[in-house]
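Peer 1: Below is the file my_file-v9.txt, with compact mmCIF, C-alpha atoms and all ligand atoms.
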# COMPACT_ATOMS: atom_id res chain seq x y z
CA MET G 1400 63.77 121.44 60.82
CA SER G 1401 62.25 117.98 60.73
CA ILE G 1402 58.96 116.94 59.21
CA ALA G 1403 56.29 115.61 61.56
CA TYR G 1404 52.97 113.85 61.05
CA TYR G 1405 49.71 114.82 62.72
CA ASN G 1406 46.35 113.27 61.88
CA GLY G 1407 47.02 112.56 58.22
CA GLU G 1408 49.18 115.57 57.41
CA PHE G 1409 52.91 115.97 57.06
CA SER G 1410 54.29 119.37 58.01
CA ASP G 1411 57.27 121.13 59.56
CA TYR G 1412 57.64 120.14 63.21
CA GLU G 1413 57.23 123.76 64.34
CA LYS G 1414 54.00 124.10 62.41
CA VAL G 1415 52.10 121.22 64.02
CA ARG G 1416 49.13 122.57 65.97
CA ILE G 1417 47.54 120.39 68.64
CA PRO G 1418 43.87 121.28 69.32
CA LEU G 1419 42.61 121.90 72.85
CA SER G 1420 40.25 118.97 72.31
CA ASP G 1421 43.27 116.66 72.60
CA ARG G 1422 42.85 115.01 76.01
CA ALA G 1423 46.62 114.84 76.36
CA ILE G 1424 46.48 118.51 77.30
CA PHE G 1425 44.10 118.21 80.25
CA PHE G 1426 44.53 114.60 81.33
CA GLY G 1427 47.64 113.10 79.76
CA ASP G 1428 45.17 110.62 78.25
CA GLY G 1429 47.38 108.89 75.75
CA ILE G 1430 50.04 106.32 74.98
CA TYR G 1431 53.30 106.50 73.10
CA GLU G 1432 56.21 104.58 71.63
CA ALA G 1433 59.79 105.54 70.95
CA CYS G 1434 62.02 103.63 68.58
CA ILE G 1435 65.15 104.11 66.53
CA GLY G 1436 66.03 103.33 62.96
CA TYR G 1437 68.87 103.03 60.50
CA LYS G 1438 68.25 103.78 56.80
CA ASP G 1439 64.99 102.04 55.87
CA LYS G 1440 64.93 99.71 58.88
CA ILE G 1441 63.15 100.58 62.11
CA TYR G 1442 64.97 98.60 64.79
CA LEU G 1443 62.70 96.02 66.49
CA GLU G 1444 59.72 97.58 64.73
CA GLU G 1445 57.41 94.61 65.18
CA GLU G 1446 58.07 94.56 68.95
CA HIS G 1447 57.34 98.29 69.31
CA LEU G 1448 54.14 98.03 67.26
CA GLU G 1449 53.06 95.01 69.25
CA ARG G 1450 53.49 96.89 72.57
CA PHE G 1451 51.65 99.93 71.15
CA PHE G 1452 48.69 97.85 70.00
CA ASN G 1453 48.60 95.95 73.31
CA ASN G 1454 48.38 99.28 75.12
CA ILE G 1455 45.59 100.43 72.80
CA GLN G 1456 43.66 97.35 73.89
CA LYS G 1457 44.46 97.73 77.58
CA LEU G 1458 43.24 101.35 77.64
CA ASN G 1459 40.49 100.85 75.08
CA MET G 1460 41.84 103.70 72.95
CA PRO G 1461 40.03 104.55 69.72
CA PHE G 1462 42.28 103.77 66.74
CA SER G 1463 41.20 102.72 63.28
CA LYS G 1464 44.59 101.96 61.69
CA THR G 1465 46.07 98.51 61.35
CA LYS G 1466 49.65 97.71 62.31
CA SER G 1467 50.67 97.69 58.68
CA GLN G 1468 49.00 101.05 57.96
CA LEU G 1469 50.79 102.59 60.93
CA SER G 1470 54.05 101.03 59.80
CA ASP G 1471 53.58 102.54 56.32
CA ILE G 1472 53.10 106.02 57.82
CA LEU G 1473 56.21 105.62 59.99
CA HIS G 1474 58.31 104.56 57.00
CA LEU G 1475 56.93 107.36 54.84
CA LEU G 1476 57.85 109.92 57.49
CA CYS G 1477 61.37 108.43 57.74
CA GLU G 1478 61.71 108.71 53.96
CA LYS G 1479 60.49 112.32 53.96
CA ASN G 1480 63.04 113.28 56.63
CA GLY G 1481 65.87 111.37 55.00
CA TYR G 1482 68.00 110.90 58.14
CA GLU G 1483 70.38 107.96 58.12
CA LYS G 1484 69.90 107.27 61.85
CA TYR G 1485 66.77 108.53 63.51
CA PHE G 1486 64.64 108.47 66.64
CA ILE G 1487 60.88 108.14 66.11
CA TYR G 1488 58.29 109.15 68.67
CA PHE G 1489 54.62 108.36 68.12
CA GLN G 1490 51.69 109.08 70.40
CA LEU G 1491 48.01 108.34 70.32
CA THR G 1492 45.56 110.38 72.39
CA ARG G 1493 41.84 110.55 72.93
CA ASN G 1494 39.73 113.46 71.79
CA SER G 1495 36.76 115.24 73.38
CA PRO G 1496 34.96 118.50 72.67
CA ILE G 1497 35.11 119.69 76.30
CA ARG G 1498 37.12 118.87 79.40
CA GLU G 1499 35.11 116.08 80.98
CA HIS G 1500 36.84 113.17 82.69
CA GLY G 1501 34.60 110.32 81.62
CA SER G 1502 33.39 111.16 78.16
CA TYR G 1503 35.22 111.34 74.86
CA LEU G 1504 34.53 110.93 71.15
CA LYS G 1505 34.66 107.19 70.57
CA ASP G 1506 35.52 107.45 66.87
CA LYS G 1507 38.17 110.19 67.06
CA PHE G 1508 41.82 109.93 67.93
CA ASN G 1509 44.90 112.06 67.51
CA LEU G 1510 48.05 110.50 66.13
CA LEU G 1511 51.26 112.48 66.33
CA ILE G 1512 54.59 111.25 64.98
CA THR G 1513 57.86 113.12 65.25
CA LEU G 1514 61.31 112.25 64.06
CA LYS G 1515 64.76 113.53 64.91
CA GLU G 1516 68.28 112.61 64.03
CA PHE G 1517 69.80 109.97 66.28
CA SER G 1518 73.41 109.44 67.32
CA LEU G 1519 74.48 105.98 68.32
CA PRO G 1520 75.00 105.69 72.09
CA VAL G 1521 78.58 105.80 73.30
CA TYR G 1522 79.80 103.17 75.68
CA GLU G 1523 82.67 104.70 77.58
CA ASN G 1524 81.62 106.19 80.86
CA GLY G 1525 79.04 104.36 82.92
CA PHE G 1526 76.02 106.08 84.40
CA ASN G 1527 75.98 107.79 87.78
CA THR G 1528 72.61 107.25 89.41
CA ILE G 1529 70.53 108.15 92.44
CA CYS G 1530 67.88 106.03 94.19
CA LEU G 1531 64.42 107.39 94.93
CA PRO G 1532 61.19 105.86 96.23
CA ASP G 1533 58.99 104.57 93.43
CA ASN G 1534 55.78 106.48 94.11
CA ARG G 1535 54.27 105.80 90.70
CA TYR G 1536 50.85 104.25 90.22
CA GLY G 1537 49.96 100.63 89.47
CA MET G 1538 49.99 100.71 85.67
CA CYS G 1539 53.71 101.10 84.96
CA ASN G 1540 53.42 98.29 82.40
CA ILE G 1541 51.51 100.63 80.07
CA LYS G 1542 53.56 103.17 78.13
CA THR G 1543 51.39 106.20 78.82
CA ILE G 1544 52.32 109.83 78.45
CA ASN G 1545 51.62 110.32 82.19
CA LEU G 1546 55.25 110.66 83.17
CA LEU G 1547 55.15 113.17 86.01
CA PRO G 1548 56.90 111.05 88.71
CA ASN G 1549 59.51 109.94 86.14
CA VAL G 1550 60.08 113.50 85.02
CA ILE G 1551 60.34 114.95 88.56
CA ALA G 1552 62.79 112.19 89.49
CA SER G 1553 64.82 112.81 86.32
CA ILE G 1554 65.11 116.49 87.19
CA ASP G 1555 66.51 115.46 90.61
CA ALA G 1556 69.02 113.18 88.89
CA HIS G 1557 70.02 115.86 86.42
CA ASP G 1558 70.47 118.44 89.18
CA SER G 1559 72.71 115.95 91.04
CA GLY G 1560 74.86 115.45 87.93
CA CYS G 1561 73.47 111.94 87.38
CA GLN G 1562 72.09 110.25 84.29
CA GLU G 1563 69.41 108.00 85.79
CA VAL G 1564 67.18 107.39 88.79
CA ILE G 1565 66.74 103.93 90.27
CA PHE G 1566 63.28 103.40 91.75
CA LEU G 1567 62.75 101.33 94.90
CA LYS G 1568 59.38 99.99 95.98
CA ASP G 1569 58.67 97.80 99.05
CA GLY G 1570 62.37 97.01 99.42
CA TYR G 1571 62.85 96.00 95.78
CA VAL G 1572 64.39 97.72 92.79
CA THR G 1573 61.72 98.11 90.12
CA GLU G 1574 63.16 100.06 87.19
CA CYS G 1575 64.58 103.48 86.34
CA ALA G 1576 62.93 106.76 85.34
CA HIS G 1577 63.44 106.00 81.65
CA SER G 1578 65.05 102.59 81.45
CA ASN G 1579 64.92 99.09 82.90
CA ILE G 1580 67.59 97.85 85.28
CA SER G 1581 69.28 94.49 85.72
CA ILE G 1582 72.20 93.16 87.74
CA VAL G 1583 74.76 90.43 87.16
CA ARG G 1584 75.80 88.27 90.11
CA ASP G 1585 78.00 85.20 89.70
CA SER G 1586 77.44 85.31 85.92
CA VAL G 1587 73.63 85.28 86.21
CA ILE G 1588 71.50 88.25 85.09
CA TYR G 1589 68.65 89.22 87.43
CA THR G 1590 65.91 91.56 86.31
CA HIS G 1591 62.46 92.48 87.65
CA PRO G 1592 59.66 90.27 86.28
CA LYS G 1593 57.29 91.82 83.75
CA ASP G 1594 54.39 92.84 85.98
CA ASN G 1595 52.54 96.11 86.55
CA ARG G 1596 55.52 97.65 88.38
CA ILE G 1597 57.73 98.02 85.31
CA LEU G 1598 57.50 98.89 81.66
CA PRO G 1599 58.12 95.74 79.61
CA GLY G 1600 61.15 97.23 77.88
CA ILE G 1601 61.89 96.13 74.33
CA THR G 1602 65.63 96.49 75.06
CA ARG G 1603 65.32 94.45 78.27
CA ASP G 1604 63.76 91.63 76.22
CA ARG G 1605 66.42 91.93 73.53
CA MET G 1606 69.13 91.76 76.21
CA LEU G 1607 67.63 88.50 77.50
CA TYR G 1608 67.38 87.18 73.93
CA PHE G 1609 71.09 87.83 73.39
CA ALA G 1610 71.94 86.44 76.84
CA LYS G 1611 70.24 83.18 75.88
CA LYS G 1612 72.16 83.07 72.58
CA LEU G 1613 75.43 83.58 74.46
CA GLY G 1614 74.58 80.89 77.02
CA ILE G 1615 74.33 83.45 79.85
CA LYS G 1616 71.79 82.43 82.48
CA TYR G 1617 69.11 84.84 83.65
CA GLN G 1618 66.28 85.02 86.16
CA GLU G 1619 63.32 87.37 85.99
CA LYS G 1620 63.33 87.94 89.73
CA ALA G 1621 63.24 91.18 91.74
CA PHE G 1622 66.36 92.16 93.70
CA GLY G 1623 66.94 94.57 96.57
CA TYR G 1624 69.30 97.48 97.19
CA VAL G 1625 72.00 95.42 98.95
CA GLU G 1626 72.10 92.81 96.17
CA MET G 1627 72.37 95.62 93.65
CA ILE G 1628 75.09 97.61 95.34
CA SER G 1629 77.30 94.52 95.72
CA ALA G 1630 76.54 93.10 92.23
CA ASP G 1631 79.29 92.36 89.69
CA GLU G 1632 77.50 94.57 87.18
CA VAL G 1633 74.50 96.88 87.21
CA ILE G 1634 73.03 97.48 83.76
CA VAL G 1635 70.38 99.91 82.54
CA SER G 1636 68.65 99.27 79.23
CA SER G 1637 66.59 101.46 76.93
CA THR G 1638 65.92 102.02 73.26
CA SER G 1639 68.13 105.06 72.82
CA LYS G 1640 71.04 103.88 74.98
CA PHE G 1641 70.97 100.11 74.37
CA LEU G 1642 72.78 98.87 77.49
CA GLN G 1643 74.80 101.09 79.81
CA ARG G 1644 76.87 100.13 82.81
CA VAL G 1645 76.07 101.85 86.12
CA ASP G 1646 79.24 103.19 87.77
CA SER G 1647 77.80 104.69 90.93
CA ILE G 1648 74.62 104.70 92.98
CA ASP G 1649 74.03 107.58 95.41
CA SER G 1650 77.73 108.48 95.01
CA VAL G 1651 78.82 104.95 96.08
CA LYS G 1652 81.22 103.60 93.47
CA LEU G 1653 80.35 100.11 92.20
CA LYS G 1654 82.76 97.29 91.30
CA ASP G 1655 85.19 98.27 88.59
CA LYS G 1656 84.36 97.68 84.95
CA LYS G 1657 85.40 94.22 83.81
CA GLU G 1658 86.79 93.53 80.36
CA ASN G 1659 84.27 91.53 78.36
CA SER G 1660 81.50 92.05 80.84
CA VAL G 1661 77.96 90.86 80.12
CA CYS G 1662 77.02 94.50 79.47
CA ASP G 1663 79.94 94.96 77.03
CA LYS G 1664 79.15 91.80 75.10
CA ILE G 1665 75.44 92.42 74.69
CA PHE G 1666 75.91 96.12 73.93
CA LYS G 1667 78.20 95.18 71.02
CA LEU G 1668 75.71 92.64 69.65
CA MET G 1669 72.86 95.15 69.78
CA TYR G 1670 74.97 97.84 68.17
CA GLU G 1671 75.85 95.49 65.30
CA GLU G 1672 72.27 94.30 64.94
CA PHE G 1673 71.02 97.90 64.72
CA LEU G 1674 73.44 98.66 61.89
CA ASN G 1675 72.62 95.53 59.91
N1 LIG K 1 61.15 101.91 81.73
C1 LIG K 1 60.69 103.15 81.53
C2 LIG K 1 59.96 103.83 82.64
C3 LIG K 1 60.89 103.82 80.31
O1 LIG K 1 60.41 105.06 80.11
C4 LIG K 1 61.62 103.14 79.29
C5 LIG K 1 61.86 103.78 77.99
O2 LIG K 1 61.37 104.83 77.68
C6 LIG K 1 62.10 101.86 79.54
C7 LIG K 1 61.84 101.26 80.77
C8 LIG K 1 62.88 101.10 78.47
O3 LIG K 1 62.01 100.64 77.49
P1 LIG K 1 62.51 100.35 76.01
O4 LIG K 1 63.64 99.38 76.14
O5 LIG K 1 61.33 99.76 75.33
O6 LIG K 1 62.95 101.65 75.46
Render the structure in this file as C-alpha cells.
Peer 2:
Amino acid sequence: MSIAYYNGEFSDYEKVRIPLSDRAIFFGDGIYEACIGYKDKIYLEEEHLERFFNNIQKLNMPFSKTKSQLSDILHLLCEKNGYEKYFIYFQLTRNSPIREHGSYLKDKFNLLITLKEFSLPVYENGFNTICLPDNRYGMCNIKTINLLPNVIASIDAHDSGCQEVIFLKDGYVTECAHSNISIVRDSVIYTHPKDNRILPGITRDRMLYFAKKLGIKYQEKAFGYVEMISADEVIVSSTSKFLQRVDSIDSVKLKDKKENSVCDKIFKLMYEEFLN
C-alpha cells in the first residue's frame, strides 16, 4: 500500500478521508497535476509546478504554499514511498461548510497527493483510436478535475478496444481525452496552438523542444480530419506515455510505421532524459 499526503498528514492511501466540505465532491471545484519521477528526480518538475500555479491564479484558488514548499512535500512523499519510478498525482480543491455554489472559505484549501509505482511506457504497438465530437467547455487549457466528457469518451474508446479518443471541434482536431495530438506531414510537425481548446501539455512542449534540437520543423496550427488521416505520422503525447504512434483511427489503418520516424526519435530522447 502506498503512502499518501492529505492536508499536512502522511498516511496509508486507504486511510485518507476526504471531508464532505471538500468542494470536489459536489462541484469538481479543483485542479490537479500528474507527473512522473525516477529516483530523486521528478521529471519536468518545474514545468508541472508552473502550470499548477498558473491554474491557481486563473481560478483564484486559495493556496498558501510556495512552489518550493510544495516541491519539498512532493519529494518527501517520494522518499517515504521509496519507489524507483513513480507517478505522482496532486490536487487542490476549495473548501466550504455547506453546498453553496458561490461561497467558500477563502483561507482553506485541501491538498491531496498520491503516489504509485510507474512502469516506463512501451513503444511497440501504436494506439488504436476513435474520433468523437469535442463537446467540452471553453476552459480546456486549465487542468481541472472536471473530466466528465473526457471520462465518458474514454469509456467509449475502451469499450471499442481502443486506447484513445480524438476530439473534433468545428472541423478541427483539438486534442485527445487524456493526451495531446500532433501529425507529421512532409517532415513538418503540426499541432493545435495553445488556446482554450486544449490542455497545454508538458509533453507536447517537450516534444517541440526536442524537435527544435533535432532540426525538425513544426507549426502550432490546427489540422482537420482529412489532413490527419493521410498524415505520415499521427502522434499522441502525455506524461505517462511520452509519445505514442497512432496506428488506426475509427478502424481505418494509417500509413505504416517508418523506421526512425519523428515519433521514434523523440520518444527515445524523452526516455533517456527521464532516466538521467
Ligand atoms: N490533454 C488532456 C485532456 C490531458 O488530460 C492530458 C494529460 O493528462 C494531456 C493533454 C497531456 O498533458 P501532459 O503532457 O502535461 O501530461
Peer 1: Val1645 (chain G): which residues within 9 Å, counting only C-alpha atoms, same-chain residues fewer than 5 positions away excluded, as JSON, numbers by chain?
Peer 2: {"G": [1524, 1525, 1526, 1527, 1528, 1632, 1633, 1634, 1635, 1653]}
Peer 1: So the first atom is CA of Pro1599 (chain G) and the second is CA of Ala1433 (chain G); what is the distance between them in Å, to one decimal place?
Peer 2: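 The value is 13.2 Å.
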Peer 1: What are the closest atom pairs, with distances in Å to one decimal, for all residues of chain G lying within 7 Å of ligand LIG 1 (chain K)? Consider all atoms listed in the file, order rows by chain and residue number, and present the result as JSON lines.
Peer 2:
{"residue": "G:Ala1433", "atom": "CA", "partner": "K:LIG1", "partner_atom": "O6", "distance": 6.7}
{"residue": "G:Glu1574", "atom": "CA", "partner": "K:LIG1", "partner_atom": "N1", "distance": 6.1}
{"residue": "G:Cys1575", "atom": "CA", "partner": "K:LIG1", "partner_atom": "C2", "distance": 5.9}
{"residue": "G:Ala1576", "atom": "CA", "partner": "K:LIG1", "partner_atom": "C2", "distance": 5.0}
{"residue": "G:His1577", "atom": "CA", "partner": "K:LIG1", "partner_atom": "O1", "distance": 3.5}
{"residue": "G:Ser1578", "atom": "CA", "partner": "K:LIG1", "partner_atom": "C7", "distance": 3.5}
{"residue": "G:Asn1579", "atom": "CA", "partner": "K:LIG1", "partner_atom": "C7", "distance": 4.3}
{"residue": "G:Ile1597", "atom": "CA", "partner": "K:LIG1", "partner_atom": "N1", "distance": 6.3}
{"residue": "G:Leu1598", "atom": "CA", "partner": "K:LIG1", "partner_atom": "N1", "distance": 4.7}
{"residue": "G:Pro1599", "atom": "CA", "partner": "K:LIG1", "partner_atom": "O3", "distance": 6.6}
{"residue": "G:Gly1600", "atom": "CA", "partner": "K:LIG1", "partner_atom": "O3", "distance": 3.5}
{"residue": "G:Ile1601", "atom": "CA", "partner": "K:LIG1", "partner_atom": "O5", "distance": 3.8}
{"residue": "G:Thr1602", "atom": "CA", "partner": "K:LIG1", "partner_atom": "O4", "distance": 3.7}
{"residue": "G:Arg1603", "atom": "CA", "partner": "K:LIG1", "partner_atom": "O4", "distance": 5.6}
{"residue": "G:Ser1636", "atom": "CA", "partner": "K:LIG1", "partner_atom": "O4", "distance": 5.9}
{"residue": "G:Ser1637", "atom": "CA", "partner": "K:LIG1", "partner_atom": "O4", "distance": 3.7}
{"residue": "G:Thr1638", "atom": "CA", "partner": "K:LIG1", "partner_atom": "O6", "distance": 3.7}
{"residue": "G:Ser1639", "atom": "CA", "partner": "K:LIG1", "partner_atom": "O6", "distance": 6.7}
Peer 1: If the box runs along x, y and z of the file and leaves 5 Å on each side of region 1445-1450 of chain G, what are its centre and edge lengths in Å, one decimal, as AutoDock Vina command-line options?
Peer 2:
--center_x 55.6 --center_y 96.4 --center_z 68.9 --size_x 15.0 --size_y 13.7 --size_z 17.4
Peer 1: Leaving out region 1539-1551 of chain G and any residue of its chain fewer than 6 positions from it, which residues lie within 12 Å of it when counting all atoms listed in the file, given as a VMD selection string?
Peer 2: chain G and resid 1422 to 1433 1447 1450 to 1458 1460 1488 to 1493 1531 to 1533 1557 to 1558 1563 to 1566 1573 to 1579 1591 to 1601
Peer 1: In Å, how far is it from CA of Tyr1503 (chain G) to CA of Lys1464 (chain G)?
Peer 2: 18.7 Å
Peer 1: Skipping near chain neighbours, those fewer than 2 positions away, what residues fall within 9 Å of region 1468-1474 of chain G using only C-alpha atoms, listed as a count of residues only?
Peer 2: 17
Peer 1: Find the residues around Val1625 (chain G) up to 10 Å (all atoms listed in the file counted), leave out those fewer than 3 positions away in its own chain, and share them as a list of chain:residue names.
Peer 2: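 The filter keeps G:Gly1570, G:Tyr1571, G:Phe1622, G:Ile1628, G:Ser1629, G:Ala1630.
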Peer 1: Would you export the selected residues with C-alpha atoms as a short mmCIF file (atom, residue, chain, number, x, y, z; two decimals), keeping the file's coordinate frame, please?
Peer 2:
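Output file part.cif is given in full below:
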data_model
loop_
_atom_site.label_atom_id
_atom_site.label_comp_id
_atom_site.auth_asym_id
_atom_site.auth_seq_id
_atom_site.Cartn_x
_atom_site.Cartn_y
_atom_site.Cartn_z
CA GLY G 1570 62.37 97.01 99.42
CA TYR G 1571 62.85 96.00 95.78
CA PHE G 1622 66.36 92.16 93.70
CA ILE G 1628 75.09 97.61 95.34
CA SER G 1629 77.30 94.52 95.72
CA ALA G 1630 76.54 93.10 92.23
#
Peer 1: Could you pull the residues within 7 Å of Pro1461 (chain G), counting only C-alpha atoms, minus those fewer than 6 positions along the same chain, as a VMD selection string?
Peer 2: chain G and resid 1505 to 1508
Peer 1: Pick the closest to Lys1640 (chain G) from G:Arg1535, G:Lys1667, G:Lys1414, G:Lys1438: which is it, counting only C-alpha atoms?
Peer 2: G:Lys1667
Peer 1: Would you compute the distance between CA of Cys1434 (chain G) and CA of Met1669 (chain G)? Give it in Å to one decimal.
Peer 2: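 These atoms are spaced 13.8 Å apart.
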Peer 1: Please determine, counting all atoms listed in the file, which residue among G:Gly1623, G:Val1661, G:Val1651, G:Asp1569 has the shortest atom-to-atom distance to Asp1585 (chain G).
Peer 2: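 Going through G:Gly1623, G:Val1661, G:Val1651, G:Asp1569 one by one, the smallest distance to Asp1585 (chain G) is for G:Val1661.
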Peer 1: Which is closer to Lys1664 (chain G) than all the others in G:Met1606, G:Ala1403, G:Ile1580, G:Ala1552, using only C-alpha atoms?
Peer 2: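 Nearest candidate to Lys1664 (chain G) out of G:Met1606, G:Ala1403, G:Ile1580, G:Ala1552: G:Met1606.
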Peer 1: My structure is short of atoms at region 1578-1587 of chain G; please model all heavy atoms there, returning them as a CSV table (one decimal), in the coordinates of the input.
Peer 2:
chain,number,residue,atom,x,y,z
G,1578,SER,N,64.4,103.8,81.9
G,1578,SER,CA,65.0,102.6,81.4
G,1578,SER,C,64.7,101.4,82.4
G,1578,SER,O,64.3,101.7,83.5
G,1578,SER,CB,66.6,102.8,81.3
G,1578,SER,OG,67.1,103.5,82.4
G,1579,ASN,N,65.0,100.2,82.0
G,1579,ASN,CA,64.9,99.1,82.9
G,1579,ASN,C,66.3,98.9,83.5
G,1579,ASN,O,67.3,99.4,83.0
G,1579,ASN,CB,64.5,97.8,82.1
G,1579,ASN,CG,63.1,97.9,81.6
G,1579,ASN,OD1,62.8,98.0,80.4
G,1579,ASN,ND2,62.1,97.9,82.6
G,1580,ILE,N,66.3,98.1,84.6
G,1580,ILE,CA,67.6,97.8,85.3
G,1580,ILE,C,67.7,96.4,85.6
G,1580,ILE,O,66.8,95.7,85.9
G,1580,ILE,CB,67.7,98.7,86.6
G,1580,ILE,CG1,69.1,98.6,87.2
G,1580,ILE,CG2,66.6,98.4,87.5
G,1580,ILE,CD1,69.4,99.7,88.2
G,1581,SER,N,69.0,95.9,85.5
G,1581,SER,CA,69.3,94.5,85.7
G,1581,SER,C,70.6,94.4,86.4
G,1581,SER,O,71.4,95.4,86.4
G,1581,SER,CB,69.4,93.7,84.4
G,1581,SER,OG,68.3,94.0,83.6
G,1582,ILE,N,70.9,93.3,87.1
G,1582,ILE,CA,72.2,93.2,87.7
G,1582,ILE,C,72.8,91.8,87.3
G,1582,ILE,O,72.0,90.9,86.8
G,1582,ILE,CB,72.1,93.2,89.3
G,1582,ILE,CG1,71.2,92.1,89.9
G,1582,ILE,CG2,71.7,94.6,89.8
G,1582,ILE,CD1,71.3,92.0,91.4
G,1583,VAL,N,74.1,91.7,87.4
G,1583,VAL,CA,74.8,90.4,87.2
G,1583,VAL,C,75.5,90.0,88.4
G,1583,VAL,O,76.2,90.8,89.0
G,1583,VAL,CB,75.8,90.5,86.0
G,1583,VAL,CG1,76.5,89.2,85.7
G,1583,VAL,CG2,75.2,91.1,84.8
G,1584,ARG,N,75.1,88.8,88.9
G,1584,ARG,CA,75.8,88.3,90.1
G,1584,ARG,C,76.2,86.9,89.8
G,1584,ARG,O,75.4,86.1,89.3
G,1584,ARG,CB,74.9,88.2,91.3
G,1584,ARG,CG,74.5,89.6,91.9
G,1584,ARG,CD,73.6,89.5,93.1
G,1584,ARG,NE,74.3,88.9,94.2
G,1584,ARG,CZ,74.8,89.6,95.2
G,1584,ARG,NH1,74.9,90.9,95.1
G,1584,ARG,NH2,75.4,89.0,96.2
G,1585,ASP,N,77.5,86.5,90.0
G,1585,ASP,CA,78.0,85.2,89.7
G,1585,ASP,C,77.6,84.7,88.3
G,1585,ASP,O,77.0,83.6,88.1
G,1585,ASP,CB,77.5,84.2,90.8
G,1585,ASP,CG,78.0,84.6,92.1
G,1585,ASP,OD1,79.1,85.2,92.2
G,1585,ASP,OD2,77.3,84.4,93.1
G,1586,SER,N,77.7,85.6,87.3
G,1586,SER,CA,77.4,85.3,85.9
G,1586,SER,C,76.0,85.1,85.6
G,1586,SER,O,75.6,84.6,84.5
G,1586,SER,CB,78.3,84.1,85.4
G,1586,SER,OG,79.6,84.3,85.7
G,1587,VAL,N,75.1,85.4,86.5
G,1587,VAL,CA,73.6,85.3,86.2
G,1587,VAL,C,73.0,86.7,86.2
G,1587,VAL,O,73.3,87.5,87.1
G,1587,VAL,CB,72.9,84.4,87.3
G,1587,VAL,CG1,71.4,84.3,87.0
G,1587,VAL,CG2,73.5,83.0,87.4
